[in-house]
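Asks: Starting off with a structure, shown below.
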Amino acid sequence: MTLDAIDKKLLILLQTDSKKTTKELSLKLNLSVTAVYERIKKLEREGIISKYVALVDKSKVERGFVVFCHLKLVQHTKEFLTRFENEVVQLQEVLECHHVSGDYDYILKVLVKDMEAYREFLVTKLTTLQHIGSTQSTFMISEVKNTTVIGF
């Protein structure tokens, strides 16, 4: 699907605040409510809009300690990769897991309460996963930019 200028503007508005009504969106886009509704439904059908979520302030739910954990597996066989990925997605502390190129195989974004909670996570959960060769943890000092809005 090719996105026109109105689709792009609509997507930015929805990414900024998905609770806006179709009436509010129609006023910003200078379209009818029906036209906005139809565009949203088409974007959903095409899979461009995959879901709607509530964004939670991590510090207000005691998950403000952010760690980027770089991880190497002992081997790169399909079996090891698949097993690791199936296990890591089950860990609630892991917000993101990316298979990457370079010195490490994966980078995990881990949210916990504090250093003690991270140590507990590392010792009782992460290092118990099979096929992990090594890890390196990097702790967030401050968040400079964090957005969920994809610009066009």
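The chains in the structure tokens are called A, B, ... from first to last as shown; in each chain the residues are counted from 1, and the ligands are counted from 1 in the order shown.
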Give me the residues near stretch 148-150 of chain A as number ranges by chain, where near means some atom within 12 Å (using only C-alpha atoms) and where sequence neighbours in that chain fewer than 3 positions away do not count.
Replies: A: 8-18, 48-49, 52-55, 145
Asks: Show me, as a PDB file with N, CA and C atoms, in the first residue's frame, the residues that have an atom within 10 Å of stretch 89-104 of chain A when counting only C-alpha atoms, minus same-chain residues fewer than 2 positions from it.
Replies:
```pdb
ATOM      1  N   ARG A  63      10.150   0.314  37.577  1.00  0.00           N
ATOM      2  CA  ARG A  63      10.944  -0.354  36.539  1.00  0.00           C
ATOM      3  C   ARG A  63      11.834   0.674  35.837  1.00  0.00           C
ATOM      4  N   VAL A  66      17.220   0.794  33.761  1.00  0.00           N
ATOM      5  CA  VAL A  66      17.270   0.252  32.405  1.00  0.00           C
ATOM      6  C   VAL A  66      18.671  -0.277  32.119  1.00  0.00           C
ATOM      7  N   VAL A  67      18.721  -1.523  31.637  1.00  0.00           N
ATOM      8  CA  VAL A  67      19.990  -2.172  31.322  1.00  0.00           C
ATOM      9  C   VAL A  67      19.939  -2.673  29.886  1.00  0.00           C
ATOM     10  N   PHE A  68      21.019  -2.419  29.156  1.00  0.00           N
ATOM     11  CA  PHE A  68      21.177  -3.000  27.836  1.00  0.00           C
ATOM     12  C   PHE A  68      22.177  -4.140  28.004  1.00  0.00           C
ATOM     13  N   CYS A  69      21.700  -5.339  27.809  1.00  0.00           N
ATOM     14  CA  CYS A  69      22.520  -6.525  28.022  1.00  0.00           C
ATOM     15  C   CYS A  69      22.933  -7.096  26.670  1.00  0.00           C
ATOM     16  N   HIS A  70      24.236  -7.080  26.410  1.00  0.00           N
ATOM     17  CA  HIS A  70      24.793  -7.646  25.183  1.00  0.00           C
ATOM     18  C   HIS A  70      25.118  -9.105  25.467  1.00  0.00           C
ATOM     19  N   LEU A  71      24.735  -9.961  24.562  1.00  0.00           N
ATOM     20  CA  LEU A  71      24.801 -11.383  24.851  1.00  0.00           C
ATOM     21  C   LEU A  71      25.388 -12.171  23.675  1.00  0.00           C
ATOM     22  N   LYS A  72      26.286 -13.095  23.986  1.00  0.00           N
ATOM     23  CA  LYS A  72      26.848 -14.006  22.975  1.00  0.00           C
ATOM     24  C   LYS A  72      26.373 -15.413  23.282  1.00  0.00           C
ATOM     25  N   LEU A  73      26.040 -16.146  22.235  1.00  0.00           N
ATOM     26  CA  LEU A  73      25.716 -17.556  22.391  1.00  0.00           C
ATOM     27  C   LEU A  73      26.983 -18.376  22.164  1.00  0.00           C
ATOM     28  N   LEU A  81      19.832 -20.740  18.402  1.00  0.00           N
ATOM     29  CA  LEU A  81      19.162 -19.448  18.234  1.00  0.00           C
ATOM     30  C   LEU A  81      17.678 -19.560  18.564  1.00  0.00           C
ATOM     31  N   PHE A  84      17.082 -20.168  22.359  1.00  0.00           N
ATOM     32  CA  PHE A  84      17.313 -18.947  23.125  1.00  0.00           C
ATOM     33  C   PHE A  84      16.154 -17.967  22.929  1.00  0.00           C
ATOM     34  N   GLU A  85      15.759 -17.740  21.701  1.00  0.00           N
ATOM     35  CA  GLU A  85      14.693 -16.776  21.412  1.00  0.00           C
ATOM     36  C   GLU A  85      13.374 -17.201  22.054  1.00  0.00           C
ATOM     37  N   ASN A  86      13.066 -18.491  22.018  1.00  0.00           N
ATOM     38  CA  ASN A  86      11.843 -18.978  22.651  1.00  0.00           C
ATOM     39  C   ASN A  86      11.867 -18.782  24.159  1.00  0.00           C
ATOM     40  N   GLU A  87      13.035 -18.901  24.759  1.00  0.00           N
ATOM     41  CA  GLU A  87      13.156 -18.740  26.206  1.00  0.00           C
ATOM     42  C   GLU A  87      13.171 -17.276  26.624  1.00  0.00           C
ATOM     43  N   TYR A 106      22.974 -10.824  20.501  1.00  0.00           N
ATOM     44  CA  TYR A 106      21.705 -10.216  20.891  1.00  0.00           C
ATOM     45  C   TYR A 106      21.956  -9.020  21.789  1.00  0.00           C
ATOM     46  N   ILE A 107      21.047  -8.061  21.707  1.00  0.00           N
ATOM     47  CA  ILE A 107      21.003  -6.972  22.679  1.00  0.00           C
ATOM     48  C   ILE A 107      19.606  -6.996  23.292  1.00  0.00           C
ATOM     49  N   LEU A 108      19.583  -7.050  24.621  1.00  0.00           N
ATOM     50  CA  LEU A 108      18.327  -7.052  25.358  1.00  0.00           C
ATOM     51  C   LEU A 108      18.154  -5.712  26.058  1.00  0.00           C
ATOM     52  N   LYS A 109      16.938  -5.206  26.068  1.00  0.00           N
ATOM     53  CA  LYS A 109      16.612  -4.044  26.888  1.00  0.00           C
ATOM     54  C   LYS A 109      15.840  -4.583  28.080  1.00  0.00           C
ATOM     55  N   VAL A 110      16.425  -4.435  29.251  1.00  0.00           N
ATOM     56  CA  VAL A 110      15.879  -5.020  30.474  1.00  0.00           C
ATOM     57  C   VAL A 110      15.436  -3.900  31.415  1.00  0.00           C
ATOM     58  N   LEU A 111      14.225  -4.014  31.943  1.00  0.00           N
ATOM     59  CA  LEU A 111      13.713  -3.046  32.912  1.00  0.00           C
ATOM     60  C   LEU A 111      13.490  -3.739  34.244  1.00  0.00           C
ATOM     61  N   VAL A 112      14.119  -3.206  35.284  1.00  0.00           N
ATOM     62  CA  VAL A 112      13.959  -3.727  36.646  1.00  0.00           C
ATOM     63  C   VAL A 112      13.916  -2.548  37.621  1.00  0.00           C
ATOM     64  N   LYS A 113      13.726  -2.846  38.891  1.00  0.00           N
ATOM     65  CA  LYS A 113      13.622  -1.796  39.910  1.00  0.00           C
ATOM     66  C   LYS A 113      14.959  -1.118  40.189  1.00  0.00           C
ATOM     67  N   ALA A 117      17.830  -5.849  41.866  1.00  0.00           N
ATOM     68  CA  ALA A 117      16.852  -6.604  41.079  1.00  0.00           C
ATOM     69  C   ALA A 117      17.483  -7.116  39.787  1.00  0.00           C
ATOM     70  N   TYR A 118      18.386  -6.305  39.195  1.00  0.00           N
ATOM     71  CA  TYR A 118      19.058  -6.757  37.975  1.00  0.00           C
ATOM     72  C   TYR A 118      19.967  -7.944  38.278  1.00  0.00           C
ATOM     73  N   PHE A 121      17.831 -10.949  38.567  1.00  0.00           N
ATOM     74  CA  PHE A 121      17.391 -11.357  37.230  1.00  0.00           C
ATOM     75  C   PHE A 121      18.515 -12.093  36.499  1.00  0.00           C
ATOM     76  N   LYS A 125      17.585 -15.927  36.328  1.00  0.00           N
ATOM     77  CA  LYS A 125      16.826 -16.114  35.091  1.00  0.00           C
ATOM     78  C   LYS A 125      17.700 -16.145  33.839  1.00  0.00           C
ATOM     79  N   LEU A 126      18.375 -15.031  33.570  1.00  0.00           N
ATOM     80  CA  LEU A 126      19.076 -14.919  32.291  1.00  0.00           C
ATOM     81  C   LEU A 126      20.187 -15.958  32.136  1.00  0.00           C
ATOM     82  N   SER A 134      28.428 -15.553  26.930  1.00  0.00           N
ATOM     83  CA  SER A 134      28.849 -14.431  27.755  1.00  0.00           C
ATOM     84  C   SER A 134      27.837 -13.310  27.669  1.00  0.00           C
ATOM     85  N   THR A 135      27.898 -12.423  28.663  1.00  0.00           N
ATOM     86  CA  THR A 135      27.034 -11.239  28.676  1.00  0.00           C
ATOM     87  C   THR A 135      27.871 -10.024  29.052  1.00  0.00           C
ATOM     88  N   GLN A 136      27.409  -8.875  28.626  1.00  0.00           N
ATOM     89  CA  GLN A 136      27.995  -7.602  29.043  1.00  0.00           C
ATOM     90  C   GLN A 136      26.830  -6.653  29.282  1.00  0.00           C
TER      91      GLN A 136
END
```
Asks: Which parts of stretch 15-83 of chain A does DSSP call alpha helix (DSSP H) when run on the backbone here, written out as a list in words?
Replies: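 Answer for stretch 15-83 of chain A, restricted to alpha helix (DSSP H): Gln15, Thr16, Thr22, Lys23, Glu24, Leu25, Ser26, Leu27, Lys28, Leu29, Val33, Thr34, Ala35, Val36, Tyr37, Glu38, Arg39, Ile40, Lys41, Lys42, Leu43, Glu44, Arg45, Lys78, Glu79, Phe80, Leu81, Thr82 and Arg83 of chain A.
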Asks: With only C-alpha atoms as the counted atoms, please give the residues lying no more than 8 Å from stretch 24-40 of chain A, apart from itself and same-chain residues fewer than 2 positions off, as a VMD selection string.
Replies: chain A and resid 6 to 7 9 to 10 13 20 to 22 42 to 44
Asks: Quick one: write out the picked residues with all heavy atoms as a PDB file, in the first residue's frame?
Replies:
```
ATOM      1  N   ILE A   6      -1.999  12.498   3.402  1.00  0.00           N
ATOM      2  CA  ILE A   6      -3.031  12.462   4.453  1.00  0.00           C
ATOM      3  C   ILE A   6      -2.858  11.226   5.328  1.00  0.00           C
ATOM      4  O   ILE A   6      -2.967  11.303   6.553  1.00  0.00           O
ATOM      5  CB  ILE A   6      -4.446  12.542   3.846  1.00  0.00           C
ATOM      6  CG1 ILE A   6      -4.642  13.905   3.175  1.00  0.00           C
ATOM      7  CG2 ILE A   6      -5.506  12.311   4.916  1.00  0.00           C
ATOM      8  CD1 ILE A   6      -5.906  14.038   2.365  1.00  0.00           C
ATOM      9  N   ASP A   7      -2.567  10.072   4.713  1.00  0.00           N
ATOM     10  CA  ASP A   7      -2.317   8.852   5.491  1.00  0.00           C
ATOM     11  C   ASP A   7      -1.150   9.070   6.456  1.00  0.00           C
ATOM     12  O   ASP A   7      -1.209   8.679   7.619  1.00  0.00           O
ATOM     13  CB  ASP A   7      -1.964   7.670   4.579  1.00  0.00           C
ATOM     14  CG  ASP A   7      -3.155   7.148   3.791  1.00  0.00           C
ATOM     15  OD1 ASP A   7      -4.292   7.242   4.290  1.00  0.00           O
ATOM     16  OD2 ASP A   7      -2.922   6.642   2.676  1.00  0.00           O
ATOM     17  N   LYS A   9       0.018  11.920   7.675  1.00  0.00           N
ATOM     18  CA  LYS A   9      -0.357  12.850   8.737  1.00  0.00           C
ATOM     19  C   LYS A   9      -1.268  12.159   9.746  1.00  0.00           C
ATOM     20  O   LYS A   9      -1.116  12.336  10.959  1.00  0.00           O
ATOM     21  CB  LYS A   9      -1.042  14.084   8.148  1.00  0.00           C
ATOM     22  CG  LYS A   9      -1.265  15.185   9.157  1.00  0.00           C
ATOM     23  CD  LYS A   9      -1.725  16.475   8.510  1.00  0.00           C
ATOM     24  CE  LYS A   9      -1.906  17.544   9.589  1.00  0.00           C
ATOM     25  NZ  LYS A   9      -2.467  18.767   9.056  1.00  0.00           N
ATOM     26  N   LEU A  10      -2.183  11.342   9.257  1.00  0.00           N
ATOM     27  CA  LEU A  10      -3.081  10.581  10.131  1.00  0.00           C
ATOM     28  C   LEU A  10      -2.289   9.640  11.028  1.00  0.00           C
ATOM     29  O   LEU A  10      -2.542   9.544  12.238  1.00  0.00           O
ATOM     30  CB  LEU A  10      -4.096   9.803   9.288  1.00  0.00           C
ATOM     31  CG  LEU A  10      -5.046   8.863  10.040  1.00  0.00           C
ATOM     32  CD1 LEU A  10      -5.857   9.616  11.090  1.00  0.00           C
ATOM     33  CD2 LEU A  10      -5.967   8.159   9.046  1.00  0.00           C
ATOM     34  N   LEU A  13      -0.610  11.604  13.768  1.00  0.00           N
ATOM     35  CA  LEU A  13      -1.600  11.998  14.784  1.00  0.00           C
ATOM     36  C   LEU A  13      -1.979  10.822  15.673  1.00  0.00           C
ATOM     37  O   LEU A  13      -2.065  10.968  16.899  1.00  0.00           O
ATOM     38  CB  LEU A  13      -2.848  12.569  14.101  1.00  0.00           C
ATOM     39  CG  LEU A  13      -2.680  13.928  13.422  1.00  0.00           C
ATOM     40  CD1 LEU A  13      -3.897  14.252  12.568  1.00  0.00           C
ATOM     41  CD2 LEU A  13      -2.436  15.018  14.462  1.00  0.00           C
ATOM     42  N   LYS A  20      -7.620  10.011  20.285  1.00  0.00           N
ATOM     43  CA  LYS A  20      -8.372  11.077  19.622  1.00  0.00           C
ATOM     44  C   LYS A  20      -9.539  10.451  18.863  1.00  0.00           C
ATOM     45  O   LYS A  20      -9.402   9.394  18.255  1.00  0.00           O
ATOM     46  CB  LYS A  20      -7.486  11.853  18.649  1.00  0.00           C
ATOM     47  CG  LYS A  20      -6.499  12.765  19.342  1.00  0.00           C
ATOM     48  CD  LYS A  20      -6.151  13.930  18.467  1.00  0.00           C
ATOM     49  CE  LYS A  20      -5.162  14.865  19.105  1.00  0.00           C
ATOM     50  NZ  LYS A  20      -5.582  15.474  20.331  1.00  0.00           N
ATOM     51  N   THR A  21     -10.665  11.113  18.918  1.00  0.00           N
ATOM     52  CA  THR A  21     -11.850  10.617  18.207  1.00  0.00           C
ATOM     53  C   THR A  21     -11.701  10.883  16.710  1.00  0.00           C
ATOM     54  O   THR A  21     -10.906  11.731  16.293  1.00  0.00           O
ATOM     55  CB  THR A  21     -13.119  11.317  18.711  1.00  0.00           C
ATOM     56  OG1 THR A  21     -13.033  12.713  18.387  1.00  0.00           O
ATOM     57  CG2 THR A  21     -13.298  11.137  20.219  1.00  0.00           C
ATOM     58  N   THR A  22     -12.485  10.172  15.930  1.00  0.00           N
ATOM     59  CA  THR A  22     -12.450  10.411  14.483  1.00  0.00           C
ATOM     60  C   THR A  22     -12.903  11.836  14.177  1.00  0.00           C
ATOM     61  O   THR A  22     -12.429  12.440  13.215  1.00  0.00           O
ATOM     62  CB  THR A  22     -13.327   9.395  13.727  1.00  0.00           C
ATOM     63  OG1 THR A  22     -14.606   9.340  14.324  1.00  0.00           O
ATOM     64  CG2 THR A  22     -12.694   8.015  13.720  1.00  0.00           C
ATOM     65  N   LYS A  42      -8.615   0.967   6.775  1.00  0.00           N
ATOM     66  CA  LYS A  42      -7.741   0.476   5.702  1.00  0.00           C
ATOM     67  C   LYS A  42      -6.317   0.277   6.226  1.00  0.00           C
ATOM     68  O   LYS A  42      -5.684  -0.739   5.938  1.00  0.00           O
ATOM     69  CB  LYS A  42      -7.743   1.457   4.527  1.00  0.00           C
ATOM     70  CG  LYS A  42      -6.949   0.972   3.340  1.00  0.00           C
ATOM     71  CD  LYS A  42      -7.049   1.928   2.171  1.00  0.00           C
ATOM     72  CE  LYS A  42      -6.245   1.424   1.003  1.00  0.00           C
ATOM     73  NZ  LYS A  42      -6.212   2.394  -0.097  1.00  0.00           N
ATOM     74  N   LEU A  43      -5.815   1.233   7.026  1.00  0.00           N
ATOM     75  CA  LEU A  43      -4.473   1.105   7.602  1.00  0.00           C
ATOM     76  C   LEU A  43      -4.390  -0.099   8.534  1.00  0.00           C
ATOM     77  O   LEU A  43      -3.369  -0.786   8.585  1.00  0.00           O
ATOM     78  CB  LEU A  43      -4.093   2.391   8.346  1.00  0.00           C
ATOM     79  CG  LEU A  43      -3.870   3.622   7.454  1.00  0.00           C
ATOM     80  CD1 LEU A  43      -3.819   4.897   8.291  1.00  0.00           C
ATOM     81  CD2 LEU A  43      -2.611   3.478   6.616  1.00  0.00           C
ATOM     82  N   GLU A  44      -5.456  -0.376   9.251  1.00  0.00           N
ATOM     83  CA  GLU A  44      -5.502  -1.557  10.121  1.00  0.00           C
ATOM     84  C   GLU A  44      -5.538  -2.844   9.296  1.00  0.00           C
ATOM     85  O   GLU A  44      -4.807  -3.792   9.575  1.00  0.00           O
ATOM     86  CB  GLU A  44      -6.719  -1.493  11.048  1.00  0.00           C
ATOM     87  CG  GLU A  44      -6.626  -0.420  12.102  1.00  0.00           C
ATOM     88  CD  GLU A  44      -7.915  -0.194  12.879  1.00  0.00           C
ATOM     89  OE1 GLU A  44      -8.981  -0.710  12.458  1.00  0.00           O
ATOM     90  OE2 GLU A  44      -7.866   0.490  13.909  1.00  0.00           O
TER      91      GLU A  44
END
```
Asks: Quick one: pick out all strand (DSSP E) residues within chain A from a backbone DSSP run and write them as a PyMOL selection string.
Replies: chain A and resi 65-73+94-99+106-112+132-139
Asks: Just write the chosen residues, C-alpha atoms, as an mmCIF file, in the first residue's frame.
Replies:
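Saved file part_7.cif follows:
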```cif
data_model
loop_
_atom_site.group_PDB
_atom_site.id
_atom_site.type_symbol
_atom_site.label_atom_id
_atom_site.label_comp_id
_atom_site.auth_asym_id
_atom_site.auth_seq_id
_atom_site.Cartn_x
_atom_site.Cartn_y
_atom_site.Cartn_z
ATOM 1 C CA PHE A 65 16.501 0.891 36.072
ATOM 2 C CA VAL A 66 17.270 0.252 32.405
ATOM 3 C CA VAL A 67 19.990 -2.172 31.322
ATOM 4 C CA PHE A 68 21.177 -3.000 27.836
ATOM 5 C CA CYS A 69 22.520 -6.525 28.022
ATOM 6 C CA HIS A 70 24.793 -7.646 25.183
ATOM 7 C CA LEU A 71 24.801 -11.383 24.851
ATOM 8 C CA LYS A 72 26.848 -14.006 22.975
ATOM 9 C CA LEU A 73 25.716 -17.556 22.391
ATOM 10 C CA VAL A 94 13.061 -8.137 28.928
ATOM 11 C CA LEU A 95 11.255 -5.360 27.107
ATOM 12 C CA GLU A 96 13.125 -5.794 23.824
ATOM 13 C CA CYS A 97 15.387 -8.430 22.296
ATOM 14 C CA HIS A 98 17.257 -7.763 19.063
ATOM 15 C CA HIS A 99 19.338 -10.251 17.077
ATOM 16 C CA TYR A 106 21.705 -10.216 20.891
ATOM 17 C CA ILE A 107 21.003 -6.972 22.679
ATOM 18 C CA LEU A 108 18.327 -7.052 25.358
ATOM 19 C CA LYS A 109 16.612 -4.044 26.888
ATOM 20 C CA VAL A 110 15.879 -5.020 30.474
ATOM 21 C CA LEU A 111 13.713 -3.046 32.912
ATOM 22 C CA VAL A 112 13.959 -3.727 36.646
ATOM 23 C CA ILE A 132 24.677 -18.358 26.602
ATOM 24 C CA GLY A 133 28.434 -17.907 26.246
ATOM 25 C CA SER A 134 28.849 -14.431 27.755
ATOM 26 C CA THR A 135 27.034 -11.239 28.676
ATOM 27 C CA GLN A 136 27.995 -7.602 29.043
ATOM 28 C CA SER A 137 25.693 -5.156 30.814
ATOM 29 C CA THR A 138 25.453 -1.443 30.094
ATOM 30 C CA PHE A 139 23.397 0.702 32.458
#
```
Asks: Between atom CA of A:Val88 and atom CA of A:Gln130, what is the spacing in Å?
Replies: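 Value for the atom CA of A:Gln130-atom CA of A:Val88 distance: 10.3 Å.
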Asks: One decimal, in Å: what's the spacing between atom CA of A:His76 and atom CA of A:Met140?
Replies: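 These atoms are spaced 28.4 Å apart.
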Asks: Which of these residues is nearest to A:Glu143, using only C-alpha atoms: A:Lys58, A:His131, A:Arg119, A:Lys19?
Replies: A:Lys58
Asks: Considering only C-alpha atoms, state which residue in the set A:Glu46, A:Lys51, A:Thr124, A:Lys41 is at the smallest distance from A:Thr2.
Replies: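 Result for the nearest residue to A:Thr2: A:Glu46.
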Asks: Quick one: distance from atom CA of A:Leu3 to atom CA of A:Gly151 in Å, one decimal?
Replies: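 Atom-to-atom, atom CA of A:Leu3 and atom CA of A:Gly151 are spaced 12.6 Å apart.
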Asks: Tell me which of A:Thr128, A:Ile141, A:Asp105, A:Met1 sits closest to A:Gly47, counting only C-alpha atoms.
Replies: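 Using only C-alpha atoms, the shortest distance to A:Gly47 belongs to A:Met1.
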